[in-house]
>>> print(open('start08.csv').read())   # CSV, C-alpha atoms and all ligand atoms
chain,number,residue,atom,x,y,z
P,1,MET,CA,0.0,0.0,0.0
P,2,HIS,CA,1.4,3.4,-1.0
P,3,VAL,CA,-0.3,6.1,1.1
P,4,GLY,CA,-0.5,9.8,0.1
P,5,MET,CA,-2.4,12.8,1.3
P,6,PRO,CA,-3.2,16.4,0.3
P,7,HIS,CA,-1.8,19.4,2.1
P,8,LEU,CA,-3.6,21.3,4.9
P,9,GLY,CA,-1.1,23.8,6.4
P,10,ASN,CA,1.4,22.0,8.5
P,11,ILE,CA,-0.7,18.9,9.3
P,12,TYR,CA,1.7,16.8,7.2
P,13,LEU,CA,4.3,17.1,10.0
P,14,GLY,CA,2.1,15.2,12.4
P,15,ILE,CA,0.9,12.6,9.9
P,16,LYS,CA,4.4,12.0,8.6
P,17,ALA,CA,5.8,11.6,12.1
P,18,MET,CA,3.1,9.0,12.8
P,19,ALA,CA,3.9,7.1,9.6
P,20,ASN,CA,7.6,7.1,10.4
P,21,ARG,CA,7.1,5.8,13.9
P,22,LEU,CA,4.9,3.0,12.5
P,23,GLY,CA,7.5,2.2,9.9
P,24,ASP,CA,5.4,3.3,7.0
P,25,GLU,CA,6.1,5.6,4.1
P,26,LEU,CA,3.9,8.6,3.4
P,27,ILE,CA,3.9,10.2,0.0
P,28,LEU,CA,3.5,14.0,0.1
P,29,PRO,CA,2.8,16.2,-2.8
P,30,PRO,CA,5.1,19.2,-3.4
P,31,PRO,CA,3.9,22.3,-1.5
P,32,SER,CA,0.8,23.6,-3.3
P,33,ASN,CA,1.8,25.7,-6.3
P,34,ARG,CA,0.5,27.0,-9.6
P,35,ARG,CA,0.6,23.5,-11.1
P,36,THR,CA,-1.5,22.1,-8.2
P,37,LEU,CA,-4.0,24.8,-8.8
P,38,SER,CA,-4.1,24.3,-12.6
P,39,LEU,CA,-4.7,20.5,-12.1
P,40,GLY,CA,-7.4,21.1,-9.6
P,41,VAL,CA,-9.2,23.7,-11.7
P,42,LYS,CA,-8.9,21.7,-14.9
P,43,TYR,CA,-10.5,18.6,-13.5
P,44,SER,CA,-13.0,20.0,-10.9
P,45,PRO,CA,-16.6,21.1,-11.6
P,46,GLU,CA,-16.3,24.8,-12.1
P,47,GLY,CA,-18.5,26.1,-9.2
P,48,LEU,CA,-16.8,24.0,-6.5
P,49,CYS,CA,-14.9,25.7,-3.7
P,50,LEU,CA,-11.1,26.3,-3.8
P,51,PRO,CA,-10.3,23.8,-1.0
P,52,PHE,CA,-11.8,21.0,-3.2
P,53,LYS,CA,-9.8,22.1,-6.2
P,54,LEU,CA,-6.4,22.5,-4.4
P,55,MET,CA,-6.9,19.2,-2.6
P,56,LEU,CA,-7.8,17.5,-5.9
P,57,GLY,CA,-4.6,19.0,-7.4
P,58,ASN,CA,-2.6,17.5,-4.5
P,59,LEU,CA,-4.3,14.1,-4.9
P,60,ILE,CA,-3.4,14.0,-8.6
P,61,GLU,CA,0.2,14.9,-7.8
P,62,VAL,CA,0.5,12.0,-5.2
P,63,ALA,CA,-1.2,9.7,-7.7
P,64,GLU,CA,1.5,10.6,-10.2
P,65,MET,CA,4.1,9.8,-7.5
P,66,GLY,CA,2.7,6.3,-7.1
P,67,ALA,CA,0.2,6.6,-4.3
P,68,ASP,CA,-2.6,4.0,-4.5
P,69,THR,CA,-4.3,5.0,-1.2
P,70,MET,CA,-5.1,8.5,-0.1
P,71,LEU,CA,-6.1,10.1,3.1
P,72,MET,CA,-8.9,12.6,2.8
P,73,VAL,CA,-10.9,14.6,5.2
P,74,SER,CA,-14.7,14.2,5.2
P,75,GLY,CA,-17.8,15.1,7.2
P,76,PHE,CA,-21.5,15.0,7.3
P,77,GLY,CA,-22.2,18.6,8.0
P,78,ILE,CA,-24.3,21.0,5.9
P,79,CYS,CA,-21.6,22.0,3.4
P,80,ARG,CA,-20.0,20.3,0.5
P,81,LEU,CA,-17.2,18.7,2.5
P,82,GLY,CA,-19.4,15.6,2.8
P,83,TYR,CA,-19.1,14.8,-0.9
P,84,TYR,CA,-15.5,15.9,-1.5
P,85,ALA,CA,-14.0,12.4,-1.3
P,86,LYS,CA,-16.7,10.7,-3.5
P,87,ILE,CA,-16.3,13.2,-6.3
P,88,GLN,CA,-12.5,13.3,-6.1
P,89,LYS,CA,-12.4,9.5,-6.2
P,90,GLN,CA,-14.5,9.5,-9.4
P,91,ILE,CA,-12.4,12.2,-11.0
P,92,LEU,CA,-9.2,10.3,-10.2
P,93,TYR,CA,-10.8,7.1,-11.6
P,94,ASP,CA,-11.7,8.9,-14.9
P,95,LEU,CA,-8.1,10.1,-15.1
P,96,GLY,CA,-6.9,6.5,-14.9
P,97,TYR,CA,-6.0,6.3,-11.2
P,98,ASP,CA,-8.0,3.5,-9.5
P,99,VAL,CA,-7.1,4.6,-6.0
P,100,GLU,CA,-8.6,4.1,-2.5
P,101,LEU,CA,-9.7,7.2,-0.7
P,102,VAL,CA,-9.7,6.7,3.1
P,103,GLN,CA,-11.9,9.2,4.7
P,104,PHE,CA,-11.3,10.7,8.1
P,105,GLY,CA,-14.5,12.1,9.2
P,106,VAL,CA,-14.5,15.4,11.2
P,107,SER,CA,-17.9,14.5,12.5
P,108,GLY,CA,-17.7,10.7,12.9
P,109,ASN,CA,-16.3,8.5,15.6
P,110,LYS,CA,-13.7,11.0,16.6
P,111,LEU,CA,-10.5,9.6,18.2
P,112,ILE,CA,-11.5,6.0,18.1
P,113,GLY,CA,-12.6,6.1,14.5
P,114,PHE,CA,-9.4,7.9,13.6
P,115,LEU,CA,-7.1,5.4,15.3
P,116,GLN,CA,-9.1,2.4,13.9
P,117,LYS,CA,-8.5,3.7,10.4
P,118,ILE,CA,-4.8,4.2,11.1
P,119,ARG,CA,-4.6,0.6,12.4
P,120,TRP,CA,-6.3,-0.7,9.3
P,121,LEU,CA,-3.9,1.4,7.1
P,122,THR,CA,-0.8,0.0,8.9
P,123,GLY,CA,-1.9,-3.6,8.6
P,124,GLY,CA,-3.1,-4.0,12.1
P,125,LYS,CA,-0.1,-2.7,14.1
P,126,SER,CA,-0.5,-3.0,17.9
P,127,TRP,CA,-2.5,-0.4,19.8
P,128,PRO,CA,0.4,0.8,22.0
P,129,LYS,CA,2.5,1.5,18.9
P,130,ILE,CA,-0.4,3.4,17.2
P,131,ILE,CA,-1.1,5.5,20.3
P,132,SER,CA,2.6,6.3,20.8
P,133,ALA,CA,2.9,7.3,17.2
P,134,PHE,CA,-0.2,9.5,17.5
P,135,ARG,CA,1.1,11.2,20.6
P,136,PHE,CA,4.4,12.0,18.8
P,137,GLY,CA,2.5,13.3,15.8
P,138,MET,CA,0.5,15.6,18.1
P,139,ALA,CA,3.6,16.8,19.9
P,140,LYS,CA,5.0,17.9,16.5
P,141,LEU,CA,1.8,19.8,15.6
P,142,SER,CA,1.8,21.5,19.0
P,143,THR,CA,5.4,22.5,18.7
P,144,VAL,CA,5.0,24.1,15.2
P,145,ASP,CA,1.9,25.9,16.3
P,146,ARG,CA,3.5,27.3,19.5
P,147,ILE,CA,6.4,28.7,17.4
P,148,GLU,CA,4.0,30.1,14.8
P,149,ARG,CA,2.2,32.1,17.4
P,150,VAL,CA,5.4,33.8,18.3
P,151,VAL,CA,6.2,34.3,14.6
P,152,GLN,CA,2.9,36.2,14.2
P,153,LYS,CA,3.9,38.7,16.9
P,154,VAL,CA,7.5,39.1,15.7
P,155,ARG,CA,6.7,39.7,12.0
P,156,ALA,CA,4.8,42.9,12.9
P,157,VAL,CA,7.7,44.6,14.7
P,158,GLU,CA,10.9,43.0,13.4
P,159,GLN,CA,13.5,45.5,12.1
P,160,VAL,CA,14.6,43.4,9.1
P,161,LYS,CA,11.5,42.1,7.4
P,162,GLY,CA,11.5,38.4,6.6
P,163,THR,CA,13.7,37.4,9.7
P,164,ALA,CA,10.8,35.7,11.5
P,165,ASN,CA,9.8,33.9,8.3
P,166,ARG,CA,13.3,32.6,7.8
P,167,LEU,CA,13.5,31.3,11.3
P,168,PHE,CA,10.0,29.7,11.0
P,169,ALA,CA,11.0,27.9,7.8
P,170,GLN,CA,14.2,26.6,9.7
P,171,ALA,CA,12.0,25.6,12.7
P,172,ILE,CA,9.6,23.6,10.4
P,173,LYS,CA,12.6,21.7,8.9
P,174,ALA,CA,14.0,21.0,12.4
P,175,ILE,CA,10.6,19.8,13.7
P,176,ASP,CA,10.2,17.5,10.6
P,177,GLN,CA,13.6,16.0,11.3
P,178,ALA,CA,13.2,15.6,15.1
P,179,ASP,CA,12.8,12.0,16.0
P,180,ASP,CA,12.3,12.1,19.8
P,181,TYR,CA,10.6,14.3,22.4
P,182,ASP,CA,13.9,15.8,23.7
P,183,ILE,CA,14.9,17.1,20.3
P,184,LEU,CA,11.5,18.4,19.7
P,185,LYS,CA,11.5,20.3,23.0
P,186,ARG,CA,15.0,21.7,22.3
P,187,VAL,CA,13.8,22.9,18.8
P,188,GLN,CA,10.9,24.7,20.4
P,189,THR,CA,13.0,26.4,23.1
P,190,ASP,CA,15.7,27.2,20.7
P,191,TYR,CA,13.6,28.8,18.0
P,192,ILE,CA,11.3,30.7,20.4
P,193,GLU,CA,14.5,32.1,22.0
P,194,GLN,CA,15.9,33.1,18.6
P,195,LEU,CA,12.6,34.8,17.7
P,196,ASN,CA,12.5,36.7,21.0
P,197,GLN,CA,16.0,38.0,20.2
P,198,VAL,CA,15.1,39.3,16.8
P,199,PRO,CA,15.8,43.1,16.8
P,200,LYS,CA,12.5,44.8,17.0
P,201,ASP,CA,11.1,48.3,16.8
P,202,ASN,CA,9.9,48.6,20.4
P,203,ASN,CA,8.3,52.0,19.9
P,204,VAL,CA,5.7,50.7,17.6
P,205,GLN,CA,2.3,49.6,18.8
P,206,PRO,CA,1.2,47.3,15.9
P,207,LEU,CA,-2.3,47.1,14.7
P,208,ILE,CA,-4.0,43.9,15.7
P,209,VAL,CA,-6.0,42.2,13.0
P,210,GLY,CA,-7.9,38.9,13.5
P,211,ILE,CA,-8.0,36.4,10.7
P,212,THR,CA,-11.2,34.4,10.5
P,213,GLY,CA,-13.1,32.4,8.0
P,214,GLU,CA,-13.1,29.0,6.4
P,215,PHE,CA,-10.8,26.4,7.9
P,216,TYR,CA,-8.8,25.4,4.8
P,217,VAL,CA,-8.1,28.8,3.5
P,218,LEU,CA,-7.1,30.0,7.0
P,219,LEU,CA,-4.5,27.2,7.3
P,220,GLU,CA,-3.1,26.8,3.8
P,221,PRO,CA,-1.1,29.9,2.9
P,222,PHE,CA,-1.0,29.2,-0.8
P,223,SER,CA,-4.8,29.4,-1.0
P,224,ASN,CA,-4.9,32.9,0.5
P,225,LEU,CA,-1.8,34.3,-1.1
P,226,ASP,CA,0.0,34.3,2.2
P,227,VAL,CA,-2.2,37.0,3.7
P,228,GLU,CA,-0.7,36.7,7.2
P,229,ASN,CA,2.8,37.2,6.0
P,230,GLU,CA,1.7,40.2,3.9
P,231,LEU,CA,0.0,41.8,6.9
P,232,GLY,CA,3.1,41.2,8.9
P,233,LYS,CA,5.1,43.1,6.3
P,234,LEU,CA,2.7,46.0,6.7
P,235,GLY,CA,3.5,46.0,10.5
P,236,VAL,CA,0.3,44.2,11.6
P,237,GLU,CA,0.1,41.6,14.3
P,238,VAL,CA,-2.2,38.8,13.2
P,239,ARG,CA,-4.4,36.8,15.6
P,240,ARG,CA,-5.9,33.6,14.5
P,241,ARG,CA,-8.0,31.2,16.6
P,242,THR,CA,-7.7,28.2,14.3
P,243,PHE,CA,-4.5,26.2,14.7
P,244,ILE,CA,-4.3,22.6,13.5
P,245,SER,CA,-3.1,21.1,16.9
P,246,GLU,CA,-5.9,22.8,18.8
P,247,TRP,CA,-8.4,21.7,16.2
P,248,VAL,CA,-7.2,18.1,16.5
P,249,LYS,CA,-7.2,18.2,20.3
P,250,TYR,CA,-10.7,19.5,20.5
P,251,SER,CA,-12.4,17.6,17.7
P,252,LEU,CA,-10.8,14.3,18.5
P,253,PHE,CA,-10.6,14.3,22.3
P,254,LEU,CA,-12.4,17.2,24.0
P,255,ASN,CA,-15.6,17.6,22.0
P,256,PRO,CA,-16.7,14.0,22.5
P,257,LEU,CA,-16.2,14.7,26.3
P,258,GLY,CA,-18.6,17.6,26.1
P,259,ILE,CA,-15.9,20.3,26.2
P,260,ASP,CA,-16.6,22.6,23.3
P,261,GLU,CA,-14.2,25.5,22.7
P,262,THR,CA,-16.7,27.1,20.3
P,263,LYS,CA,-19.5,27.5,22.8
P,264,LYS,CA,-18.5,31.0,23.7
P,265,ILE,CA,-18.2,32.0,20.1
P,266,HIS,CA,-21.6,30.5,19.2
P,267,LYS,CA,-23.1,32.4,22.1
P,268,ALA,CA,-21.7,35.6,20.9
P,269,ALA,CA,-23.2,35.0,17.4
P,270,LEU,CA,-26.6,34.0,18.7
P,271,PRO,CA,-28.3,37.5,18.4
P,272,TYR,CA,-27.5,37.4,14.7
P,273,LEU,CA,-27.3,33.7,13.8
P,274,LYS,CA,-29.0,31.0,15.8
P,275,ARG,CA,-27.7,27.9,14.2
P,276,ASP,CA,-24.9,26.1,12.4
P,277,VAL,CA,-24.8,27.0,8.8
P,278,GLY,CA,-22.1,24.5,7.9
P,279,GLY,CA,-18.3,24.9,7.7
P,280,ASP,CA,-17.2,27.8,9.9
P,281,GLY,CA,-19.9,30.4,9.1
P,282,TRP,CA,-21.3,30.4,12.7
P,283,GLU,CA,-17.8,30.9,14.2
P,284,THR,CA,-17.0,33.7,11.8
P,285,VAL,CA,-19.9,35.7,12.9
P,286,GLY,CA,-19.2,34.9,16.6
P,287,GLU,CA,-15.5,35.9,16.3
P,288,LYS,CA,-16.4,39.3,14.9
P,289,VAL,CA,-18.8,40.0,17.8
P,290,LEU,CA,-16.4,38.7,20.4
P,291,HIS,CA,-13.3,40.5,19.2
P,292,ALA,CA,-14.8,43.8,18.1
P,293,LYS,CA,-13.4,45.7,21.0
P,294,GLU,CA,-10.1,43.8,21.2
P,295,TYR,CA,-8.9,44.0,17.5
P,296,ASP,CA,-8.4,46.9,15.2
P,297,GLY,CA,-9.9,45.0,12.2
P,298,ILE,CA,-10.7,41.6,10.9
P,299,VAL,CA,-9.7,39.9,7.7
P,300,HIS,CA,-12.3,37.4,6.6
P,301,LEU,CA,-11.1,34.7,4.3
P,302,ALA,CA,-13.8,32.9,2.3
P,303,PRO,CA,-13.6,30.5,-0.6
P,304,PHE,CA,-15.6,31.8,-3.5
P,305,THR,CA,-19.0,30.0,-3.6
P,306,CYS,CA,-18.6,28.8,0.0
P,307,MET,CA,-22.2,29.0,1.4
P,308,PRO,CA,-21.4,29.1,5.1
P,309,GLU,CA,-19.0,32.1,4.6
P,310,ILE,CA,-21.4,33.9,2.3
P,311,VAL,CA,-24.0,33.7,5.1
P,312,ALA,CA,-21.4,35.1,7.5
P,313,GLN,CA,-20.3,37.8,5.2
P,314,ASN,CA,-23.9,39.0,4.8
P,315,ILE,CA,-24.6,39.0,8.5
P,316,MET,CA,-21.4,40.7,9.7
P,317,PRO,CA,-22.2,44.3,8.6
P,318,SER,CA,-25.4,44.4,10.6
P,319,THR,CA,-24.0,43.4,14.0
P,320,LYS,CA,-24.1,46.2,16.5
P,321,GLU,CA,-20.5,45.5,17.5
P,322,LYS,CA,-18.6,47.6,14.9
P,323,ILE,CA,-15.2,46.8,13.6
P,324,PRO,CA,-13.9,47.0,10.0
P,325,VAL,CA,-14.0,43.7,8.2
P,326,LEU,CA,-12.2,43.0,4.9
P,327,THR,CA,-13.6,39.9,3.2
P,328,ILE,CA,-11.3,38.3,0.7
P,329,LEU,CA,-12.9,35.7,-1.6
P,330,CYS,CA,-10.3,33.1,-2.5
P,331,ASP,CA,-10.5,31.3,-5.8
P,332,GLU,CA,-8.3,30.6,-8.8
P,333,GLN,CA,-8.9,34.2,-10.1
P,334,ILE,CA,-7.4,36.1,-7.2
P,335,ALA,CA,-4.1,37.7,-7.9
P,336,LYS,CA,-1.4,39.0,-5.6
P,337,PRO,CA,-1.4,42.7,-6.7
P,338,GLY,CA,-5.1,43.0,-6.2
P,339,VAL,CA,-5.0,41.5,-2.7
P,340,LEU,CA,-2.0,43.6,-1.7
P,341,THR,CA,-3.7,46.8,-2.8
P,342,ARG,CA,-6.8,45.9,-0.7
P,343,LEU,CA,-4.7,45.0,2.3
P,344,GLU,CA,-2.7,48.2,2.1
P,345,ALA,CA,-5.9,50.3,1.9
P,346,PHE,CA,-7.4,48.3,4.8
P,347,VAL,CA,-4.3,48.9,6.9
P,348,ASP,CA,-4.4,52.7,6.1
P,349,LEU,CA,-8.0,52.8,7.2
P,350,LEU,CA,-7.2,51.0,10.5
P,351,GLU,CA,-4.3,53.3,11.2
P,352,ARG,CA,-6.5,56.4,10.5
P,353,ARG,CA,-9.2,55.0,12.7
P,354,ARG,CA,-6.8,54.4,15.6
P,355,TRP,CA,-5.3,57.9,15.2
P,356,VAL,CA,-8.8,59.4,15.3
P,357,SER,CA,-9.8,57.4,18.4
P,358,ASN,CA,-6.5,58.2,20.2
P,359,ASN,CA,-7.0,61.9,19.5
P,360,LYS,CA,-10.5,61.8,20.8
P,361,ARG,CA,-9.3,60.2,24.0
P,362,GLN,CA,-6.5,62.9,24.4
P,363,ARG,CA,-9.1,65.7,23.9
P,364,VAL,CA,-11.3,64.2,26.7
P,365,VAL,CA,-8.3,64.1,29.1
P,366,VAL,CA,-7.3,67.7,28.3
P,401,LIG,S1,-16.9,25.3,4.3
P,401,LIG,FE1,-17.1,26.2,2.3
P,401,LIG,S2,-15.1,26.0,1.3
P,401,LIG,FE2,-15.1,24.6,3.1
P,401,LIG,S3,-15.9,22.7,2.2
P,401,LIG,FE3,-17.7,23.7,2.9
P,401,LIG,S4,-18.4,24.9,1.2
P,401,LIG,FE4,-16.3,24.3,0.7
>>> encode(input="start08.csv", output="structure tokens")
Amino acid sequence: MHVGMPHLGNIYLGIKAMANRLGDELILPPPSNRRTLSLGVKYSPEGLCLPFKLMLGNLIEVAEMGADTMLMVSGFGICRLGYYAKIQKQILYDLGYDVELVQFGVSGNKLIGFLQKIRWLTGGKSWPKIISAFRFGMAKLSTVDRIERVVQKVRAVEQVKGTANRLFAQAIKAIDQADDYDILKRVQTDYIEQLNQVPKDNNVQPLIVGITGEFYVLLEPFSNLDVENELGKLGVEVRRRTFISEWVKYSLFLNPLGIDETKKIHKAALPYLKRDVGGDGWETVGEKVLHAKEYDGIVHLAPFTCMPEIVAQNIMPSTKEKIPVLTILCDEQIAKPGVLTRLEAFVDLLERRRWVSNNKRQRVVV
């Protein structure tokens, strides 16, 4: 069995670590690029959302590399995710790849279902081995996410732009190569220390912008033209709730135990949206309401034609909690210059807004 998977941010670090610990090989596509997108767009139904197209592009790439079994996320919520795998399998079949798509449901049997699938994929390896491999994979995901949170802060105030990104790229490589917990811990301490020592402009109080929206486009930088990095270059500190390690922790362990991290967010959204609309639409509205006082602005990432995010986009302007929101629709047509122009204009607006509110406060004090 030759197993491959599509990209979803840094999740490959955890899955690859599990596969290595279990003595299996995992075929990874190259980082998503123009060719991935072209493949996905060429063979997908036109109106489908960008995550479908990019993942299909990845699946074709791993099929070309020899994968005959592919891991694919699935679910039975309200949006299209539920039929991704079925359609992708059919498209691959029509292209001449008779592959198995193993679906990992985000709404199914949670941890037990996930581990059972891994056991099946690894030819019935022992439970202790599977659990130990899973724990190590999780440790890698947590490490990369902890470092990324620091990177988000440093990018905004570093004196030499690009330093935090360079360190982050090195950290990802080191995490990928780490083969025990001690090394992993050292990598974490070492890179956080290096990031803390990056020369910074300490007089600047960076704008705080929350990034919210659909899960895939939040986590896969290629799909959103690396919006976080571009905001960092403009001196903005980005805050994002969604991190892959947190998501795995909650959706596989804590949600089944009744601990739901989104309760507070749903409650905040309730005056405007009373139910789940699929994907992350409910959370998008809730995050706007919750963070209206805390952030200077919000960048809302939504795949073009994504129903849940269209619902959220239309509700957000009418909440009484006011904060500027820039919605960026992600599809194969977006181009970097257009996105950069919009981000620059948005940041100008936020700066002006902060300046006006600071001046008002000073006048009140006088
Ligand atoms: S949430 Fe939106 S983009 Fe994501 S799978 Fe569902 S419809 Fe597609």
>>> residues_near_ligand(input="start08.csv", ligand="ligand LIG 401 (chain P)", cutoff="12 Å", atoms="all atoms listed in the file", output="ChimeraX atom specification")
/P:47-55,73-85,106,213-219,223,276-284,301-312,329-331
>>> atom_distance(input="start08.csv", atom1="atom CA of Leu207 of chain P", atom2="atom CA of Lys153 of chain P")
10.7 Å
>>> atom_distance(input="start08.csv", atom1="atom CA of Gln188 of chain P", atom2="atom CA of Asn58 of chain P")
29.2 Å
>>> closest_residue(input="start08.csv", among="P:Tyr191, P:Tyr43, P:Trp127, P:Tyr272", to="Leu22 of chain P", atoms="only C-alpha atoms")
P:Trp127
>>> residues_around(input="start08.csv", residues="Leu101 of chain P", least_positions_apart="2", cutoff="7 Å", atoms="all atoms listed in the file", output="PyMOL selection string")
chain P and resi 69-72+85+89+99+103
>>> atom_distance(input="start08.csv", atom1="atom CA of Ile323 of chain P", atom2="atom CA of Arg352 of chain P")
13.3 Å
>>> residues_around(input="start08.csv", residues="Asp179 of chain P", least_positions_apart="5", cutoff="10 Å", atoms="only C-alpha atoms", output="JSON, numbers by chain")
{"P": [17, 20, 21, 136, 140, 174, 184]}
>>> write_last_selection(input="start08.csv", atoms="C-alpha atoms", output="PDB file, in the coordinates of the input")
ATOM      1  CA  ALA P  17       5.800  11.600  12.100  1.00  0.00           C
ATOM      2  CA  ASN P  20       7.600   7.100  10.400  1.00  0.00           C
ATOM      3  CA  ARG P  21       7.100   5.800  13.900  1.00  0.00           C
ATOM      4  CA  PHE P 136       4.400  12.000  18.800  1.00  0.00           C
ATOM      5  CA  LYS P 140       5.000  17.900  16.500  1.00  0.00           C
ATOM      6  CA  ALA P 174      14.000  21.000  12.400  1.00  0.00           C
ATOM      7  CA  LEU P 184      11.500  18.400  19.700  1.00  0.00           C
TER       8      LEU P 184
END
